[in-house]
Amino acid sequence: MTKFFLSLHVLAAVLAIGPVTVAASMFPKALRTAHGSPGDGDARSNLRLLHRVCRVYGAVGIAVPVFGFATAGSLGVLGSAWLITSILLTAAAAGLLVLRILPGQDSALTALLADDTTAAVPAAAARLAMLTGVFNLLWATVTVLMIVRPGSTTGA
């Protein structure tokens, strides 16, 4: 059963978190492009698509910790420091996505669609780029912890 849960955990991470990290990373540049070309409907459509990918795949991403807990439980490592650290970093990444990145994308998109010509849109793009960088760094750290597993008895 452990291999089954681990397979689902890895698949969920690749198929759910991967698209969020890519789409969220692309959003600030797409926002700048759409802001610089106010009449470009394709740029605005692209921006809406990236935001939708972040929202939908972010919601699907809940499967990652669910299958992760199932895997950890079957391996008997729920009390391991590396796993607890990974859980905390995952919670931080999820909180950052839900509380800062998605609302920031939404408000930037709203400002852009309202033809807000102020400096709010470029400032939002810079802020989103920074937040997304932190989000991606958190996930990269979790990935390394999942691979290295300090104190692992598998020798891998």
# chains A, B, ... in the order shown; residues from 1 in each chain; ligands from 1

call {"tool": "select_by_dssp", "arguments": {"residues": "region 10-143 of chain A", "states": "alpha helix (DSSP H)", "output": "number ranges by chain"}}
result
A: 10-12, 18-36, 41-60, 63-75, 81-96, 102-113, 120-143

call {"tool": "residues_around", "arguments": {"residues": "region 27-33 of chain A", "least_positions_apart": "3", "cutoff": "12 Å", "atoms": "only C-alpha atoms", "output": "number ranges by chain"}}
result
A: 19-24, 36-54, 101-102, 104-113, 117, 119-133

call {"tool": "atom_distance", "arguments": {"atom1": "CA of Leu96 (chain A)", "atom2": "CA of Thr71 (chain A)"}}
result
24.6 Å

call {"tool": "closest_residue", "arguments": {"among": "A:Leu99, A:Ala72, A:Leu83, A:Leu78", "to": "His9 (chain A)", "atoms": "only C-alpha atoms"}}
result
A:Ala72

call {"tool": "residues_around", "arguments": {"residues": "Gly73 (chain A)", "least_positions_apart": "6", "cutoff": "10 Å", "atoms": "only C-alpha atoms", "output": "PyMOL selection string"}}
result
chain A and resi 2+5+67+79

call {"tool": "closest_residue", "arguments": {"among": "A:Asp115, A:Pro150, A:Phe69, A:Ala92", "to": "Leu137 (chain A)", "atoms": "only C-alpha atoms"}}
result
A:Ala92

call {"tool": "atom_distance", "arguments": {"atom1": "CA of Met146 (chain A)", "atom2": "CA of Trp82 (chain A)"}}
result
8.0 Å

call {"tool": "residues_around", "arguments": {"residues": "Gly95 (chain A)", "least_positions_apart": "6", "cutoff": "12 Å", "atoms": "only C-alpha atoms", "output": "VMD selection string"}}
result
chain A and resid 58 62 88 to 89 101 to 103 131 134 to 135 138

call {"tool": "atom_distance", "arguments": {"atom1": "CA of Ser7 (chain A)", "atom2": "CA of Met26 (chain A)"}}
result
28.1 Å

call {"tool": "closest_residue", "arguments": {"among": "A:Ala91, A:Ala140, A:Leu145, A:Leu6", "to": "Gly61 (chain A)", "atoms": "only C-alpha atoms"}}
result
A:Ala91

call {"tool": "residues_around", "arguments": {"residues": "Phe4 (chain A)", "least_positions_apart": "6", "cutoff": "12 Å", "atoms": "only C-alpha atoms", "output": "MDAnalysis selection string"}}
result
chainID A and resid 10:11 67:68 70:71 74:75

call {"tool": "decode", "arguments": {"residues": "region 83-129 of chain A", "atoms": "N, CA and C atoms", "output": "JSON list (two decimals), in the first residue's frame"}}
result
[["chain", "number", "residue", "atom", "x", "y", "z"],
["A", 83, "LEU", "N", 9.94, 15.44, 7.99],
["A", 83, "LEU", "CA", 8.55, 15.43, 7.54],
["A", 83, "LEU", "C", 7.78, 16.58, 8.17],
["A", 84, "ILE", "N", 8.00, 16.83, 9.44],
["A", 84, "ILE", "CA", 7.32, 17.95, 10.11],
["A", 84, "ILE", "C", 7.73, 19.27, 9.46],
["A", 85, "THR", "N", 9.02, 19.40, 9.15],
["A", 85, "THR", "CA", 9.50, 20.59, 8.45],
["A", 85, "THR", "C", 8.83, 20.72, 7.09],
["A", 86, "SER", "N", 8.72, 19.61, 6.37],
["A", 86, "SER", "CA", 8.06, 19.62, 5.07],
["A", 86, "SER", "C", 6.59, 20.01, 5.18],
["A", 87, "ILE", "N", 5.93, 19.53, 6.21],
["A", 87, "ILE", "CA", 4.52, 19.86, 6.44],
["A", 87, "ILE", "C", 4.38, 21.37, 6.69],
["A", 88, "LEU", "N", 5.26, 21.91, 7.52],
["A", 88, "LEU", "CA", 5.21, 23.34, 7.82],
["A", 88, "LEU", "C", 5.49, 24.19, 6.58],
["A", 89, "LEU", "N", 6.48, 23.77, 5.78],
["A", 89, "LEU", "CA", 6.79, 24.50, 4.56],
["A", 89, "LEU", "C", 5.66, 24.40, 3.54],
["A", 90, "THR", "N", 5.03, 23.23, 3.47],
["A", 90, "THR", "CA", 3.88, 23.05, 2.57],
["A", 90, "THR", "C", 2.73, 23.94, 3.01],
["A", 91, "ALA", "N", 2.48, 24.01, 4.30],
["A", 91, "ALA", "CA", 1.42, 24.88, 4.82],
["A", 91, "ALA", "C", 1.74, 26.35, 4.52],
["A", 92, "ALA", "N", 3.01, 26.72, 4.65],
["A", 92, "ALA", "CA", 3.41, 28.09, 4.34],
["A", 92, "ALA", "C", 3.20, 28.39, 2.85],
["A", 93, "ALA", "N", 3.56, 27.45, 2.00],
["A", 93, "ALA", "CA", 3.37, 27.64, 0.55],
["A", 93, "ALA", "C", 1.89, 27.74, 0.21],
["A", 94, "ALA", "N", 1.08, 26.87, 0.80],
["A", 94, "ALA", "CA", -0.36, 26.91, 0.55],
["A", 94, "ALA", "C", -0.97, 28.23, 1.05],
["A", 95, "GLY", "N", -0.55, 28.66, 2.23],
["A", 95, "GLY", "CA", -1.03, 29.93, 2.77],
["A", 95, "GLY", "C", -0.64, 31.10, 1.89],
["A", 96, "LEU", "N", 0.58, 31.08, 1.41],
["A", 96, "LEU", "CA", 1.05, 32.14, 0.52],
["A", 96, "LEU", "C", 0.22, 32.17, -0.77],
["A", 97, "LEU", "N", -0.06, 31.00, -1.31],
["A", 97, "LEU", "CA", -0.86, 30.94, -2.54],
["A", 97, "LEU", "C", -2.27, 31.45, -2.30],
["A", 98, "VAL", "N", -2.90, 30.96, -1.25],
["A", 98, "VAL", "CA", -4.31, 31.28, -0.99],
["A", 98, "VAL", "C", -4.50, 32.71, -0.47],
["A", 99, "LEU", "N", -3.58, 33.17, 0.37],
["A", 99, "LEU", "CA", -3.77, 34.46, 1.02],
["A", 99, "LEU", "C", -3.12, 35.64, 0.31],
["A", 100, "ARG", "N", -2.11, 35.39, -0.51],
["A", 100, "ARG", "CA", -1.40, 36.51, -1.14],
["A", 100, "ARG", "C", -1.35, 36.44, -2.66],
["A", 101, "ILE", "N", -0.97, 35.28, -3.20],
["A", 101, "ILE", "CA", -0.77, 35.20, -4.66],
["A", 101, "ILE", "C", -2.10, 35.26, -5.41],
["A", 102, "LEU", "N", -3.04, 34.37, -5.07],
["A", 102, "LEU", "CA", -4.31, 34.36, -5.80],
["A", 102, "LEU", "C", -5.08, 35.68, -5.63],
["A", 103, "PRO", "N", -5.20, 36.23, -4.41],
["A", 103, "PRO", "CA", -5.86, 37.53, -4.31],
["A", 103, "PRO", "C", -5.10, 38.64, -5.04],
["A", 104, "GLY", "N", -3.77, 38.57, -5.03],
["A", 104, "GLY", "CA", -2.97, 39.56, -5.74],
["A", 104, "GLY", "C", -3.19, 39.47, -7.25],
["A", 105, "GLN", "N", -3.25, 38.25, -7.76],
["A", 105, "GLN", "CA", -3.54, 38.07, -9.18],
["A", 105, "GLN", "C", -4.93, 38.61, -9.51],
["A", 106, "ASP", "N", -5.88, 38.29, -8.66],
["A", 106, "ASP", "CA", -7.26, 38.71, -8.89],
["A", 106, "ASP", "C", -7.38, 40.23, -8.90],
["A", 107, "SER", "N", -6.76, 40.89, -7.93],
["A", 107, "SER", "CA", -6.87, 42.36, -7.88],
["A", 107, "SER", "C", -6.09, 43.01, -9.03],
["A", 108, "ALA", "N", -4.96, 42.43, -9.42],
["A", 108, "ALA", "CA", -4.21, 42.97, -10.56],
["A", 108, "ALA", "C", -5.00, 42.80, -11.85],
["A", 109, "LEU", "N", -5.64, 41.67, -11.99],
["A", 109, "LEU", "CA", -6.46, 41.41, -13.17],
["A", 109, "LEU", "C", -7.65, 42.36, -13.20],
["A", 110, "THR", "N", -8.26, 42.59, -12.06],
["A", 110, "THR", "CA", -9.39, 43.52, -11.97],
["A", 110, "THR", "C", -8.96, 44.93, -12.33],
["A", 111, "ALA", "N", -7.81, 45.36, -11.81],
["A", 111, "ALA", "CA", -7.29, 46.70, -12.12],
["A", 111, "ALA", "C", -6.98, 46.82, -13.60],
["A", 112, "LEU", "N", -6.41, 45.79, -14.17],
["A", 112, "LEU", "CA", -6.07, 45.82, -15.60],
["A", 112, "LEU", "C", -7.33, 45.89, -16.45],
["A", 113, "LEU", "N", -8.31, 45.09, -16.12],
["A", 113, "LEU", "CA", -9.55, 45.07, -16.90],
["A", 113, "LEU", "C", -10.35, 46.34, -16.74],
["A", 114, "ALA", "N", -10.13, 47.06, -15.63],
["A", 114, "ALA", "CA", -10.80, 48.35, -15.41],
["A", 114, "ALA", "C", -10.01, 49.48, -16.07],
["A", 115, "ASP", "N", -8.99, 49.12, -16.82],
["A", 115, "ASP", "CA", -8.11, 50.09, -17.51],
["A", 115, "ASP", "C", -7.49, 51.08, -16.55],
["A", 116, "ASP", "N", -7.03, 50.56, -15.41],
["A", 116, "ASP", "CA", -6.33, 51.37, -14.42],
["A", 116, "ASP", "C", -4.94, 51.67, -14.98],
["A", 117, "THR", "N", -4.68, 52.92, -15.29],
["A", 117, "THR", "CA", -3.40, 53.30, -15.91],
["A", 117, "THR", "C", -2.39, 53.78, -14.87],
["A", 118, "THR", "N", -2.70, 53.60, -13.62],
["A", 118, "THR", "CA", -1.77, 54.03, -12.58],
["A", 118, "THR", "C", -0.61, 53.03, -12.47],
["A", 119, "ALA", "N", 0.25, 53.31, -11.55],
["A", 119, "ALA", "CA", 1.41, 52.43, -11.33],
["A", 119, "ALA", "C", 1.03, 51.19, -10.52],
["A", 120, "ALA", "N", -0.27, 51.01, -10.22],
["A", 120, "ALA", "CA", -0.69, 49.87, -9.40],
["A", 120, "ALA", "C", -0.41, 48.54, -10.09],
["A", 121, "VAL", "N", -0.61, 48.47, -11.39],
["A", 121, "VAL", "CA", -0.42, 47.21, -12.10],
["A", 121, "VAL", "C", 1.06, 46.80, -12.14],
["A", 122, "PRO", "N", 1.98, 47.69, -12.54],
["A", 122, "PRO", "CA", 3.39, 47.29, -12.49],
["A", 122, "PRO", "C", 3.88, 46.95, -11.09],
["A", 123, "ALA", "N", 3.39, 47.67, -10.09],
["A", 123, "ALA", "CA", 3.77, 47.36, -8.70],
["A", 123, "ALA", "C", 3.23, 45.99, -8.31],
["A", 124, "ALA", "N", 2.01, 45.68, -8.73],
["A", 124, "ALA", "CA", 1.42, 44.37, -8.45],
["A", 124, "ALA", "C", 2.23, 43.28, -9.13],
["A", 125, "ALA", "N", 2.69, 43.53, -10.35],
["A", 125, "ALA", "CA", 3.49, 42.53, -11.07],
["A", 125, "ALA", "C", 4.79, 42.25, -10.32],
["A", 126, "ALA", "N", 5.43, 43.29, -9.82],
["A", 126, "ALA", "CA", 6.68, 43.11, -9.07],
["A", 126, "ALA", "C", 6.43, 42.35, -7.77],
["A", 127, "ARG", "N", 5.36, 42.70, -7.08],
["A", 127, "ARG", "CA", 5.03, 42.03, -5.82],
["A", 127, "ARG", "C", 4.69, 40.55, -6.06],
["A", 128, "LEU", "N", 3.93, 40.30, -7.12],
["A", 128, "LEU", "CA", 3.57, 38.91, -7.44],
["A", 128, "LEU", "C", 4.79, 38.10, -7.85],
["A", 129, "ALA", "N", 5.72, 38.73, -8.55],
["A", 129, "ALA", "CA", 6.95, 38.02, -8.94],
["A", 129, "ALA", "C", 7.74, 37.60, -7.69]]
